[in-house]
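Asks: This is the content of input.txt (compact mmCIF, C-alpha atoms and all ligand atoms):
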```
# COMPACT_ATOMS: atom_id res chain seq x y z
CA MET F 1 27.52 4.96 25.60
CA SER F 2 28.36 7.61 23.11
CA ALA F 3 31.44 5.71 22.05
CA LEU F 4 29.27 2.71 21.39
CA ASP F 5 26.88 4.77 19.40
CA ALA F 6 29.65 6.03 17.23
CA GLN F 7 30.56 2.50 16.28
CA LEU F 8 27.15 1.51 15.10
CA PRO F 9 27.28 1.27 11.36
CA THR F 10 23.83 2.57 10.62
CA THR F 11 21.57 5.16 12.07
CA PHE F 12 18.65 2.83 12.12
CA ASP F 13 16.09 4.00 14.60
CA PRO F 14 14.01 1.05 15.77
CA PHE F 15 11.32 3.38 16.99
CA ALA F 16 11.00 5.36 13.82
CA GLU F 17 7.95 3.45 12.78
CA ALA F 18 6.26 3.78 16.10
CA ASN F 19 6.72 7.51 15.90
CA ALA F 20 5.73 7.82 12.31
CA ASP F 21 2.32 9.25 11.93
CA ASP F 22 0.96 6.64 9.63
CA SER F 23 1.62 3.86 12.06
CA GLY F 24 -2.02 3.05 12.32
CA ALA F 25 -3.83 3.29 15.60
CA GLY F 26 -5.02 6.57 16.96
CA SER F 27 -6.62 8.39 14.10
CA LYS F 28 -8.08 11.12 16.24
CA GLU F 29 -5.72 13.91 15.47
CA TYR F 30 -5.84 13.45 11.73
CA VAL F 31 -7.51 15.70 9.29
CA HIS F 32 -9.29 13.44 6.86
CA ILE F 33 -9.77 14.54 3.32
CA ARG F 34 -12.16 12.32 1.46
CA ILE F 35 -13.75 12.06 -1.89
CA GLN F 36 -17.21 10.90 -2.67
CA GLN F 37 -18.85 10.26 -5.96
CA ARG F 38 -22.06 11.97 -6.80
CA ASN F 39 -24.17 11.37 -9.83
CA GLY F 40 -22.37 11.01 -13.12
CA ARG F 41 -18.80 12.12 -13.07
CA LYS F 42 -19.35 14.69 -10.38
CA SER F 43 -17.71 14.35 -7.06
CA LEU F 44 -17.38 15.99 -3.72
CA THR F 45 -14.54 16.57 -1.31
CA THR F 46 -14.98 16.55 2.44
CA VAL F 47 -12.58 17.81 5.06
CA GLN F 48 -13.08 16.39 8.51
CA GLY F 49 -11.18 16.91 11.72
CA LEU F 50 -9.86 20.45 11.56
CA LYS F 51 -9.24 21.94 14.98
CA LYS F 52 -12.30 23.51 16.48
CA GLU F 53 -10.48 26.75 17.14
CA PHE F 54 -10.42 27.57 13.47
CA SER F 55 -13.16 29.49 11.86
CA TYR F 56 -14.55 27.00 9.43
CA ASN F 57 -16.37 29.63 7.50
CA LYS F 58 -13.25 31.65 6.96
CA ILE F 59 -11.35 28.65 5.77
CA LEU F 60 -14.21 27.67 3.54
CA LYS F 61 -14.34 31.10 2.04
CA ASP F 62 -10.67 30.97 1.17
CA LEU F 63 -10.94 27.48 -0.21
CA LYS F 64 -13.84 28.42 -2.39
CA LYS F 65 -12.07 31.43 -3.72
CA GLU F 66 -8.81 29.58 -4.24
CA PHE F 67 -10.24 26.66 -6.16
CA CYS F 68 -13.20 28.44 -7.72
CA CYS F 69 -15.71 25.95 -6.45
CA ASN F 70 -18.69 26.03 -4.21
CA GLY F 71 -18.87 24.48 -0.81
CA THR F 72 -20.49 24.44 2.59
CA VAL F 73 -19.87 23.68 6.19
CA VAL F 74 -22.13 20.92 7.43
CA GLN F 75 -22.72 19.93 11.01
CA ASP F 76 -22.38 16.25 11.70
CA PRO F 77 -23.81 14.96 14.97
CA GLU F 78 -20.75 12.86 15.73
CA LEU F 79 -17.91 14.39 13.82
CA GLY F 80 -18.63 18.04 14.32
CA GLN F 81 -18.25 20.44 11.48
CA VAL F 82 -17.18 19.17 8.12
CA ILE F 83 -16.26 21.22 5.09
CA GLN F 84 -17.70 20.09 1.80
CA LEU F 85 -16.42 21.24 -1.54
CA GLN F 86 -17.57 20.54 -5.05
CA GLY F 87 -15.32 18.45 -7.20
CA ASP F 88 -12.20 16.50 -6.38
CA GLN F 89 -10.20 19.09 -4.46
CA ARG F 90 -8.24 16.69 -2.32
CA LYS F 91 -4.79 17.68 -3.48
CA ASN F 92 -5.72 21.32 -3.56
CA VAL F 93 -7.13 21.28 -0.08
CA SER F 94 -4.22 19.40 1.34
CA ALA F 95 -1.73 21.76 -0.25
CA PHE F 96 -3.71 24.75 0.91
CA LEU F 97 -4.02 23.61 4.51
CA VAL F 98 -0.33 22.87 4.72
CA GLN F 99 0.67 26.13 3.13
CA ALA F 100 -1.59 28.16 5.33
CA GLY F 101 -0.09 26.46 8.35
CA ILE F 102 -3.44 25.14 9.47
CA VAL F 103 -2.42 21.52 9.54
CA LYS F 104 0.91 19.78 9.33
CA LYS F 105 1.40 17.62 6.32
CA GLU F 106 1.85 14.47 8.35
CA HIS F 107 -1.48 15.04 10.03
CA ILE F 108 -3.42 14.96 6.80
CA LYS F 109 -4.86 11.73 5.58
CA ILE F 110 -6.12 11.69 2.06
CA HIS F 111 -8.62 8.95 1.40
CA GLY F 112 -10.14 7.61 -1.74
CA PHE F 113 -8.69 6.17 -4.86
CA MET A 1 6.46 -1.63 -19.86
CA ALA A 2 4.43 1.19 -21.25
CA GLU A 3 3.95 -0.65 -24.50
CA GLU A 4 2.79 -3.78 -22.85
CA ASN A 5 0.47 -1.82 -20.78
CA THR A 6 -1.21 -0.26 -23.73
CA SER A 7 -1.42 -3.53 -25.58
CA GLN A 8 -2.98 -5.06 -22.56
CA MET A 9 -5.50 -2.32 -22.45
CA LYS A 10 -6.34 -2.89 -26.07
CA GLU A 11 -6.88 -6.52 -25.41
CA GLU A 12 -9.31 -5.83 -22.71
CA VAL A 13 -11.39 -3.29 -24.43
CA PRO A 14 -13.00 -5.39 -27.14
CA GLU A 15 -13.76 -8.44 -25.09
CA LEU A 16 -14.73 -7.80 -21.59
CA ALA A 17 -14.16 -11.37 -20.57
CA PRO A 18 -12.16 -11.04 -17.40
CA PHE A 19 -10.03 -14.15 -17.61
CA ASP A 20 -7.94 -15.17 -20.50
CA PRO A 21 -6.48 -18.66 -20.54
CA THR A 22 -2.92 -17.58 -19.92
CA LYS A 23 -3.89 -15.84 -16.74
CA LYS A 24 -5.81 -18.81 -15.50
CA LYS A 25 -2.77 -20.95 -15.60
CA LYS A 26 -0.85 -18.70 -13.32
CA LYS A 27 -3.63 -18.37 -10.88
CA LYS A 28 -2.78 -21.46 -8.91
CA LYS A 29 0.65 -20.51 -7.78
CA ASN A 30 0.24 -17.20 -6.24
CA VAL A 31 3.24 -17.54 -4.04
CA VAL A 32 6.32 -18.31 -6.00
CA ILE A 33 9.86 -18.73 -4.90
CA GLN A 34 12.33 -17.50 -7.37
CA ASP A 35 15.87 -16.34 -7.54
CA PRO A 36 16.72 -12.93 -8.84
CA ALA A 37 18.09 -14.19 -12.14
CA ASP A 38 14.92 -15.96 -13.07
CA GLU A 39 13.00 -13.01 -12.03
CA VAL A 40 14.33 -10.81 -14.74
CA ASP A 41 13.25 -13.28 -17.36
CA LYS A 42 9.88 -13.74 -15.88
CA LEU A 43 9.32 -10.12 -15.36
CA ALA A 44 8.02 -9.64 -18.84
CA GLU A 45 5.22 -12.09 -18.50
CA LYS A 46 4.59 -11.09 -14.95
CA THR A 47 3.87 -7.54 -15.76
CA GLU A 48 0.16 -8.01 -15.66
CA ASN A 49 0.30 -9.24 -12.14
CA LEU A 50 0.62 -7.01 -9.23
CA THR A 51 3.17 -8.15 -6.75
CA VAL A 52 3.80 -7.84 -3.10
CA ALA A 53 7.50 -8.01 -2.72
CA GLU A 54 8.88 -9.06 0.57
CA SER A 55 11.54 -6.45 0.56
CA GLY A 56 10.09 -3.07 0.01
CA GLU A 57 6.65 -1.83 -0.70
CA PRO A 58 4.16 -3.84 -2.63
CA SER A 59 4.25 -2.97 -6.24
CA PHE A 60 1.54 -3.38 -8.76
CA ALA A 61 3.67 -4.32 -11.67
CA GLY A 62 2.37 -3.66 -15.10
CA MET A 63 0.58 -0.56 -14.09
CA LYS A 64 2.03 2.78 -14.82
CA LYS A 65 3.31 4.57 -11.79
CA LYS A 66 2.34 7.91 -13.03
CA LYS A 67 0.54 9.17 -10.00
CA LYS A 68 1.96 12.39 -8.79
CA LYS A 69 0.47 12.32 -5.35
CA PRO A 70 3.11 12.84 -2.71
CA VAL A 71 1.54 10.02 -0.77
CA GLU A 72 2.49 7.60 -3.46
CA THR A 73 6.12 8.48 -3.76
CA ASP A 74 7.26 5.86 -1.34
CA PHE A 75 6.54 3.17 -3.86
CA LEU A 76 9.69 4.17 -5.63
CA ASN A 77 11.66 2.80 -2.74
CA ASP A 78 11.65 -0.60 -4.33
CA GLU A 79 15.09 0.03 -5.69
CA ASN A 80 16.59 0.50 -2.29
CA GLY A 81 16.02 -3.10 -1.47
CA GLU A 82 17.64 -4.17 -4.68
CA THR A 83 20.84 -2.25 -4.29
CA GLY A 84 21.34 -3.62 -0.85
CA GLU A 85 21.01 -7.09 -2.19
CA ASP A 86 23.42 -6.55 -5.03
CA VAL A 87 26.20 -5.91 -2.63
CA VAL A 88 25.43 -9.16 -0.95
CA ASP A 89 25.10 -11.11 -4.13
CA GLU A 90 28.54 -10.20 -5.34
CA GLN A 91 30.06 -12.41 -2.78
CA VAL A 92 27.91 -15.43 -3.19
CA GLY A 93 30.12 -16.76 -5.94
CA GLU A 94 33.29 -16.55 -3.95
CA ASP A 95 31.87 -18.36 -1.05
CA GLU A 96 30.15 -21.20 -2.70
CA GLU A 97 33.04 -23.63 -2.71
CA GLY A 98 33.71 -23.74 0.98
CA GLU A 99 31.38 -25.68 3.21
CA GLY A 100 32.39 -24.62 6.69
CA ILE A 101 31.68 -21.23 8.02
CA MET A 102 34.86 -20.67 9.92
CA LEU A 103 38.32 -20.40 8.48
CA GLY A 104 38.89 -22.61 5.48
CA GLY A 105 42.21 -23.12 3.79
CA THR A 106 41.27 -21.18 0.69
CA THR A 107 40.63 -17.49 0.62
CA ARG A 108 36.98 -17.23 1.38
CA TYR A 109 36.89 -13.63 2.29
CA PRO A 110 38.45 -10.65 0.62
CA TRP A 111 40.22 -9.60 3.77
CA GLU A 112 41.92 -12.89 4.30
CA GLY A 113 45.70 -12.76 4.35
CA THR A 114 45.70 -9.05 4.80
CA ASP A 115 45.88 -6.78 7.77
CA ARG A 116 43.15 -4.40 6.85
CA ASP A 117 39.84 -3.87 8.58
CA TYR A 118 36.70 -5.47 7.26
CA LYS A 119 34.41 -3.29 5.34
CA TYR A 120 30.84 -3.11 6.45
CA GLU A 121 29.59 -4.44 3.13
CA GLU A 122 31.91 -7.41 3.33
CA LEU A 123 30.73 -8.36 6.76
CA LEU A 124 27.17 -7.86 5.70
CA GLY A 125 27.75 -10.17 2.78
CA ARG A 126 29.29 -12.70 5.09
CA VAL A 127 26.43 -12.68 7.49
CA PHE A 128 23.93 -13.08 4.69
CA ASN A 129 25.83 -16.00 3.29
CA ILE A 130 25.88 -17.72 6.61
CA LEU A 131 22.23 -17.03 6.97
CA ARG A 132 21.53 -18.42 3.55
CA GLU A 133 23.39 -21.61 4.27
CA ASN A 134 21.80 -22.29 7.58
CA ASN A 135 18.47 -20.60 7.54
CA PRO A 136 17.41 -19.48 4.09
CA ASP A 137 14.08 -18.27 5.33
CA LEU A 138 15.67 -15.47 7.26
CA ALA A 139 17.96 -14.28 4.51
CA GLY A 140 15.14 -12.44 2.87
CA ASP A 141 15.44 -14.26 -0.41
CA ARG A 142 12.91 -13.17 -2.89
CA ARG A 143 9.63 -14.68 -2.00
CA ARG A 144 6.94 -12.84 -3.77
CA THR A 145 3.28 -12.90 -3.29
CA VAL A 146 1.87 -12.05 -6.60
CA MET A 147 -1.46 -10.36 -6.64
CA ARG A 148 -3.35 -10.07 -9.82
CA PRO A 149 -4.68 -6.65 -10.75
CA PRO A 150 -8.28 -5.90 -9.94
CA GLN A 151 -10.71 -6.81 -12.67
CA VAL A 152 -13.59 -4.49 -12.90
CA LEU A 153 -16.82 -4.43 -14.83
CA ARG A 154 -19.46 -1.81 -15.13
CA GLU A 155 -22.95 -2.78 -14.12
CA GLY A 156 -25.35 -0.40 -15.69
CA THR A 157 -24.10 3.13 -15.41
CA LYS A 158 -23.98 3.54 -11.70
CA LYS A 159 -22.43 0.41 -10.32
CA THR A 160 -19.05 -1.20 -10.57
CA VAL A 161 -18.35 -4.89 -10.13
CA PHE A 162 -15.04 -5.93 -8.69
CA VAL A 163 -14.79 -9.38 -10.20
CA ASN A 164 -11.75 -10.95 -8.58
CA PHE A 165 -12.35 -9.47 -5.18
CA MET A 166 -12.48 -12.85 -3.42
CA ASP A 167 -9.40 -13.97 -5.22
CA LEU A 168 -7.44 -11.01 -3.95
CA CYS A 169 -8.75 -11.42 -0.42
CA LYS A 170 -7.46 -14.96 -0.48
CA THR A 171 -4.08 -13.86 -1.72
CA MET A 172 -3.84 -11.40 1.09
CA HIS A 173 -5.27 -13.88 3.61
CA ARG A 174 -7.78 -11.42 4.85
CA GLN A 175 -11.47 -11.64 5.61
CA PRO A 176 -13.49 -10.36 2.68
CA GLU A 177 -15.62 -8.38 5.13
CA HIS A 178 -12.61 -6.51 6.40
CA VAL A 179 -11.29 -5.72 2.95
CA MET A 180 -14.74 -4.71 1.84
CA THR A 181 -15.23 -2.36 4.78
CA PHE A 182 -11.95 -0.71 3.99
CA LEU A 183 -12.65 -0.36 0.30
CA LEU A 184 -16.09 1.07 0.87
CA ALA A 185 -14.92 3.44 3.57
CA GLU A 186 -12.13 4.73 1.39
CA MET A 187 -14.31 5.15 -1.64
CA GLY A 188 -17.03 6.80 0.38
CA THR A 189 -19.70 4.58 -1.06
CA SER A 190 -21.78 1.53 -0.36
CA GLY A 191 -21.69 -1.94 -1.79
CA SER A 192 -22.14 -5.63 -1.18
CA LEU A 193 -21.17 -9.06 -2.36
CA ASP A 194 -23.33 -10.58 -5.04
CA GLY A 195 -24.27 -14.20 -5.67
CA GLN A 196 -20.98 -14.94 -7.37
CA GLN A 197 -18.99 -13.44 -4.54
CA ARG A 198 -18.14 -10.40 -6.53
CA LEU A 199 -18.06 -7.01 -4.91
CA VAL A 200 -20.65 -4.68 -6.30
CA VAL A 201 -20.00 -1.07 -5.50
CA LYS A 202 -22.10 1.98 -6.07
CA GLY A 203 -20.42 4.51 -8.30
CA ARG A 204 -18.01 4.31 -11.18
CA PHE A 205 -14.51 3.22 -10.47
CA ALA A 206 -11.60 2.25 -12.64
CA PRO A 207 -9.39 -0.74 -11.85
CA LYS A 208 -6.61 1.57 -10.83
CA ASN A 209 -8.88 3.13 -8.24
CA PHE A 210 -9.28 -0.23 -6.57
CA GLU A 211 -5.64 -0.90 -7.00
CA GLY A 212 -4.60 2.26 -5.22
CA ILE A 213 -6.82 1.49 -2.29
CA LEU A 214 -5.76 -2.14 -2.11
CA ARG A 215 -2.19 -1.02 -2.09
CA ARG A 216 -2.90 1.09 0.94
CA TYR A 217 -4.79 -1.76 2.52
CA VAL A 218 -1.82 -4.04 2.08
CA ASN A 219 0.49 -1.49 3.62
CA GLU A 220 -1.74 -0.89 6.55
CA TYR A 221 -3.23 -4.29 7.29
CA VAL A 222 -1.09 -6.94 5.63
CA ILE A 223 2.57 -6.07 5.41
CA CYS A 224 4.71 -6.52 8.52
CA ASN A 225 6.47 -3.32 9.39
CA GLY A 226 9.51 -5.11 10.66
CA CYS A 227 10.36 -7.51 7.87
CA LYS A 228 7.93 -6.48 5.13
CA SER A 229 6.55 -9.98 4.96
CA PRO A 230 2.94 -10.33 3.84
CA ASP A 231 2.71 -13.51 5.89
CA THR A 232 0.75 -12.00 8.74
CA ILE A 233 -2.35 -12.59 10.79
CA LEU A 234 -4.88 -9.97 11.68
CA SER A 235 -6.71 -10.64 14.90
CA LYS A 236 -9.03 -8.81 17.16
CA GLU A 237 -8.17 -8.67 20.84
CA ASN A 238 -10.09 -6.62 23.31
CA ARG A 239 -11.65 -4.51 20.61
CA LEU A 240 -8.25 -3.73 19.15
CA PHE A 241 -6.90 -5.10 15.93
CA PHE A 242 -3.44 -6.57 15.97
CA LEU A 243 -1.29 -7.57 13.09
CA ARG A 244 1.08 -10.37 13.95
CA CYS A 245 3.84 -11.44 11.65
CA GLU A 246 4.33 -15.14 11.01
CA GLN A 247 7.85 -14.62 9.81
CA CYS A 248 9.45 -12.52 12.48
CA GLY A 249 6.85 -12.62 15.21
CA SER A 250 6.52 -8.90 15.58
CA ALA A 251 3.12 -7.44 16.24
CA ARG A 252 1.61 -4.04 15.93
CA SER A 253 -1.79 -2.60 16.47
CA VAL A 254 -3.64 -1.32 13.48
CA ALA A 255 -6.35 1.27 13.25
CA PRO A 256 -9.91 0.05 13.08
CA ILE A 257 -11.59 0.98 9.86
CA LYS A 258 -13.76 3.99 10.22
CA ALA A 259 -15.98 5.24 7.51
CA GLY A 260 -15.75 8.80 8.75
CA PHE A 261 -17.94 11.45 7.35
CA VAL A 262 -20.15 10.52 4.46
CA ALA A 263 -21.93 13.38 2.86
CA ARG A 264 -25.49 13.11 1.80
CA VAL A 265 -25.65 12.82 -1.92
CA GLY A 266 -28.42 12.23 -4.33
CA ARG A 267 -32.00 13.00 -3.58
CA ARG A 268 -32.34 15.05 -0.46
CA LYS A 269 -34.91 12.84 1.19
CA ALA A 270 -32.88 9.70 0.66
CA GLY A 271 -30.20 10.73 3.14
CA THR A 272 -29.97 9.59 6.72
ZN ZN F 301 7.72 -9.59 10.22
```
As C-alpha cells, what does this structure read like?
Ligand SMILES: [Zn+2]

Replies:
Amino acid sequence: MSALDAQLPTTFDPFAEANADDSGAGSKEYVHIRIQQRNGRKSLTTVQGLKKEFSYNKILKDLKKEFCCNGTVVQDPELGQVIQLQGDQRKNVSAFLVQAGIVKKEHIKIHGF
Amino acid sequence: MAEENTSQMKEEVPELAPFDPTKKKKKKKNVVIQDPADEVDKLAEKTENLTVAESGEPSFAGMKKKKKKPVETDFLNDENGETGEDVVDEQVGEDEEGEGIMLGGTTRYPWEGTDRDYKYEELLGRVFNILRENNPDLAGDRRRTVMRPPQVLREGTKKTVFVNFMDLCKTMHRQPEHVMTFLLAEMGTSGSLDGQQRLVVKGRFAPKNFEGILRRYVNEYVICNGCKSPDTILSKENRLFFLRCEQCGSARSVAPIKAGFVARVGRRKAGT
C-alpha cells in the first residue's frame, strides 16, 4: 500500500473538497459577518454565530475600543445574540476574532459585496 | 487592462445607456469555443466581459482585481490552469502527423528509441493528446462561458437597478428567484423584479458589488467542484439542494440560502 502510494505522481486528495470548510452544506458552525446598508453611505456590521460560551459584552467592548466605533448586542429570537457595530468593520472584526483566538479563520464567513 | 478599464468607465459616465451597439452583437454567443491562440487576440475586446473559465475560477475580466480581501485571493489561481496546459501544448505539434495512437514508424514521442523512463509531463501530454483525438470534450479545451459585467443604474437616491440581471441568470442557467435570494441575502437588503425584469434593490450598490457577489454565487451554486464546468443543474431533492454536473456527472449538495440576521435599520417602528 505504501509502496503504491509512493508511486503516485501527485498528492491529489480527492476528499480535500469535502473536508474544506467552504464546501457548502452545513452552515451551522460558521460565524457570519455581514454588512448592511443604512441610510446614506452609512453601514452596519453584524456578527452572528459566536459560541454561546463567550461573553458577548466583553467581546463587544474590545471591538468597540479597537475600531473606535459604537455597537450593541441584540437578541434575536431565532439566532440568539448578535453583535452589531457601526460602519463596515467586516475585515476588522474577522481579523480581530482570529487573532484573539475566538474563531478559526476557516469558520468565518464574510458576506456582502 | 487598467487603461481600458478607465476608458470604459469614462464612456459610461456621460451616457448612462446600458447597451452600446458593440456589446449587443456579442450578446448572442455567450458560450464560445476557442483555441488558446485566438484567445489572446480576442482578449482585448473581451475585456469588458466577465468570463467563467472552465479551468480555474471564474474571472471577471476587465475589472481590476484590486481587492485585498483574503477571501478573494483564490482568483489568482487562474494561472495554474494555464501552466499545466502549456506543458501539454508543447507536444501537440509533434504528434499531429501520426494518426494511430500506438507505435508509429516515426518518432512520435520524445522517449522513443531511447532507454530512459518517461517523464510525468510527457505521459501527461500523451494522454491529453489521445483524449483530444478521441474525445475532445474531456480534454478540457477552453470552453468559456462569458458573462457580461453587471449593469447598474441608480433609481432615485436609495435604490439600485440591476439592469441585466435576467441576462446573467440565463447565462448561468439558474432560476432568477434563486439568484435574487442569494443577492439579497448577501447584501442584507430587500428588492424585487420590476416590470422589465430588472432587479431593483434597496440601497446603493456599485456594479462591482454585484460582481463580487455573483462571483461567489457562481463558485457556490454553478461551478462543478470536480471539473470546474459551469454546465451544471441545480435541483431540489428532499429539501436539499444538489448541484449535478452535466459534464462529469459528479454531484454535491449545496447550502440553502439563508438570509441570516438582518438588523433593524431606518425608522424604529418600521422594523419587524
Ligand atoms: Zn463536473

Asks: Show me which residues line ligand ZN 301 (chain F), defined as having an atom within 7 Å of a ligand atom where all atoms listed in the file count, and present them as a PyMOL selection string.

Replies: chain A and resi 224-229+245-250

Asks: Distance cut-off 10 Å, counting all atoms listed in the file - which residues of chain A neighbour chain F? Return them as a PyMOL selection string.

Replies: chain A and resi 69-71+120+157-158+183-189+202-214+216+220-221+225-226+240-242+252-258+260-266

Asks: Near region 160-176 of chain A, within 8 Å and counting only C-alpha atoms, which residues show up once chain neighbours fewer than 2 positions away are dropped, as an MDAnalysis selection string?

Replies: chainID A and resid 18 30 145:148 150:155 158 178:180 197:205 218 222 230 233:234

Asks: Neighbouring residues of Ala100 (chain F) were defined as those with any atom within 12 Å, considering only C-alpha atoms; residues of the same chain fewer than 6 positions away were excluded. Please report them as a list in words.

Replies: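 Listing them by chain and then by number gives Ile59, Asp62, Leu63, Asn92, Val93 and Ser94 of chain F.
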
Asks: Rounded to one decimal in Å, what is the spacing between CA of Val103 (chain F) and CA of Glu29 (chain F)?

Replies: 10.2 Å

Asks: Go ahead and compute the interatomic distance for CA of Lys52 (chain F) and CA of Val98 (chain F), in Å to one decimal.

Replies: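 Rounded to one decimal, the two atoms are 16.8 Å apart.
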
Asks: Can you sort out region 160-178 of chain A so it carries N, CA, C and O atoms, written as a PDB file, in the frame of the given file?

Replies:
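Heads up, here's the output in rebuild_28.pdb:
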```pdb
ATOM      1  N   THR A 160     -20.296  -0.574 -10.108  1.00  0.00           N
ATOM      2  CA  THR A 160     -19.050  -1.200 -10.570  1.00  0.00           C
ATOM      3  C   THR A 160     -18.911  -2.552  -9.892  1.00  0.00           C
ATOM      4  O   THR A 160     -19.163  -2.671  -8.697  1.00  0.00           O
ATOM      5  N   VAL A 161     -18.526  -3.544 -10.677  1.00  0.00           N
ATOM      6  CA  VAL A 161     -18.350  -4.890 -10.130  1.00  0.00           C
ATOM      7  C   VAL A 161     -16.872  -5.224 -10.076  1.00  0.00           C
ATOM      8  O   VAL A 161     -16.178  -5.179 -11.082  1.00  0.00           O
ATOM      9  N   PHE A 162     -16.432  -5.542  -8.908  1.00  0.00           N
ATOM     10  CA  PHE A 162     -15.040  -5.930  -8.690  1.00  0.00           C
ATOM     11  C   PHE A 162     -15.011  -7.452  -8.756  1.00  0.00           C
ATOM     12  O   PHE A 162     -15.364  -8.143  -7.826  1.00  0.00           O
ATOM     13  N   VAL A 163     -14.593  -7.966  -9.911  1.00  0.00           N
ATOM     14  CA  VAL A 163     -14.790  -9.380 -10.200  1.00  0.00           C
ATOM     15  C   VAL A 163     -13.914 -10.295  -9.341  1.00  0.00           C
ATOM     16  O   VAL A 163     -14.397 -11.235  -8.722  1.00  0.00           O
ATOM     17  N   ASN A 164     -12.648 -10.009  -9.296  1.00  0.00           N
ATOM     18  CA  ASN A 164     -11.750 -10.950  -8.580  1.00  0.00           C
ATOM     19  C   ASN A 164     -11.490 -10.531  -7.143  1.00  0.00           C
ATOM     20  O   ASN A 164     -10.414 -10.770  -6.598  1.00  0.00           O
ATOM     21  N   PHE A 165     -12.484  -9.932  -6.557  1.00  0.00           N
ATOM     22  CA  PHE A 165     -12.350  -9.470  -5.180  1.00  0.00           C
ATOM     23  C   PHE A 165     -11.974 -10.611  -4.225  1.00  0.00           C
ATOM     24  O   PHE A 165     -11.017 -10.522  -3.457  1.00  0.00           O
ATOM     25  N   MET A 166     -12.726 -11.698  -4.311  1.00  0.00           N
ATOM     26  CA  MET A 166     -12.480 -12.850  -3.420  1.00  0.00           C
ATOM     27  C   MET A 166     -11.073 -13.404  -3.605  1.00  0.00           C
ATOM     28  O   MET A 166     -10.383 -13.733  -2.649  1.00  0.00           O
ATOM     29  N   ASP A 167     -10.717 -13.484  -4.858  1.00  0.00           N
ATOM     30  CA  ASP A 167      -9.400 -13.970  -5.220  1.00  0.00           C
ATOM     31  C   ASP A 167      -8.305 -13.172  -4.500  1.00  0.00           C
ATOM     32  O   ASP A 167      -7.383 -13.739  -3.905  1.00  0.00           O
ATOM     33  N   LEU A 168      -8.455 -11.854  -4.554  1.00  0.00           N
ATOM     34  CA  LEU A 168      -7.440 -11.010  -3.950  1.00  0.00           C
ATOM     35  C   LEU A 168      -7.467 -11.103  -2.425  1.00  0.00           C
ATOM     36  O   LEU A 168      -6.420 -11.075  -1.786  1.00  0.00           O
ATOM     37  N   CYS A 169      -8.662 -11.238  -1.880  1.00  0.00           N
ATOM     38  CA  CYS A 169      -8.750 -11.420  -0.420  1.00  0.00           C
ATOM     39  C   CYS A 169      -7.984 -12.667  -0.016  1.00  0.00           C
ATOM     40  O   CYS A 169      -7.279 -12.683   0.992  1.00  0.00           O
ATOM     41  N   LYS A 170      -8.135 -13.709  -0.815  1.00  0.00           N
ATOM     42  CA  LYS A 170      -7.460 -14.960  -0.480  1.00  0.00           C
ATOM     43  C   LYS A 170      -5.949 -14.795  -0.581  1.00  0.00           C
ATOM     44  O   LYS A 170      -5.208 -15.319   0.245  1.00  0.00           O
ATOM     45  N   THR A 171      -5.513 -14.084  -1.588  1.00  0.00           N
ATOM     46  CA  THR A 171      -4.080 -13.860  -1.720  1.00  0.00           C
ATOM     47  C   THR A 171      -3.521 -13.117  -0.521  1.00  0.00           C
ATOM     48  O   THR A 171      -2.410 -13.371  -0.076  1.00  0.00           O
ATOM     49  N   MET A 172      -4.315 -12.190  -0.038  1.00  0.00           N
ATOM     50  CA  MET A 172      -3.840 -11.400   1.090  1.00  0.00           C
ATOM     51  C   MET A 172      -4.089 -12.099   2.416  1.00  0.00           C
ATOM     52  O   MET A 172      -3.633 -11.630   3.460  1.00  0.00           O
ATOM     53  N   HIS A 173      -4.858 -13.182   2.391  1.00  0.00           N
ATOM     54  CA  HIS A 173      -5.270 -13.880   3.610  1.00  0.00           C
ATOM     55  C   HIS A 173      -6.023 -12.975   4.560  1.00  0.00           C
ATOM     56  O   HIS A 173      -5.706 -12.877   5.745  1.00  0.00           O
ATOM     57  N   ARG A 174      -6.975 -12.298   4.019  1.00  0.00           N
ATOM     58  CA  ARG A 174      -7.780 -11.420   4.850  1.00  0.00           C
ATOM     59  C   ARG A 174      -9.256 -11.721   4.648  1.00  0.00           C
ATOM     60  O   ARG A 174      -9.668 -12.165   3.578  1.00  0.00           O
ATOM     61  N   GLN A 175     -10.020 -11.462   5.701  1.00  0.00           N
ATOM     62  CA  GLN A 175     -11.470 -11.640   5.610  1.00  0.00           C
ATOM     63  C   GLN A 175     -12.044 -10.694   4.563  1.00  0.00           C
ATOM     64  O   GLN A 175     -11.747  -9.502   4.595  1.00  0.00           O
ATOM     65  N   PRO A 176     -12.879 -11.220   3.683  1.00  0.00           N
ATOM     66  CA  PRO A 176     -13.490 -10.360   2.680  1.00  0.00           C
ATOM     67  C   PRO A 176     -14.251  -9.190   3.313  1.00  0.00           C
ATOM     68  O   PRO A 176     -14.241  -8.090   2.774  1.00  0.00           O
ATOM     69  N   GLU A 177     -14.849  -9.440   4.476  1.00  0.00           N
ATOM     70  CA  GLU A 177     -15.620  -8.380   5.130  1.00  0.00           C
ATOM     71  C   GLU A 177     -14.700  -7.205   5.482  1.00  0.00           C
ATOM     72  O   GLU A 177     -15.073  -6.045   5.321  1.00  0.00           O
ATOM     73  N   HIS A 178     -13.541  -7.555   5.977  1.00  0.00           N
ATOM     74  CA  HIS A 178     -12.610  -6.510   6.400  1.00  0.00           C
ATOM     75  C   HIS A 178     -12.129  -5.702   5.204  1.00  0.00           C
ATOM     76  O   HIS A 178     -12.124  -4.472   5.230  1.00  0.00           O
TER      77      HIS A 178
END
```
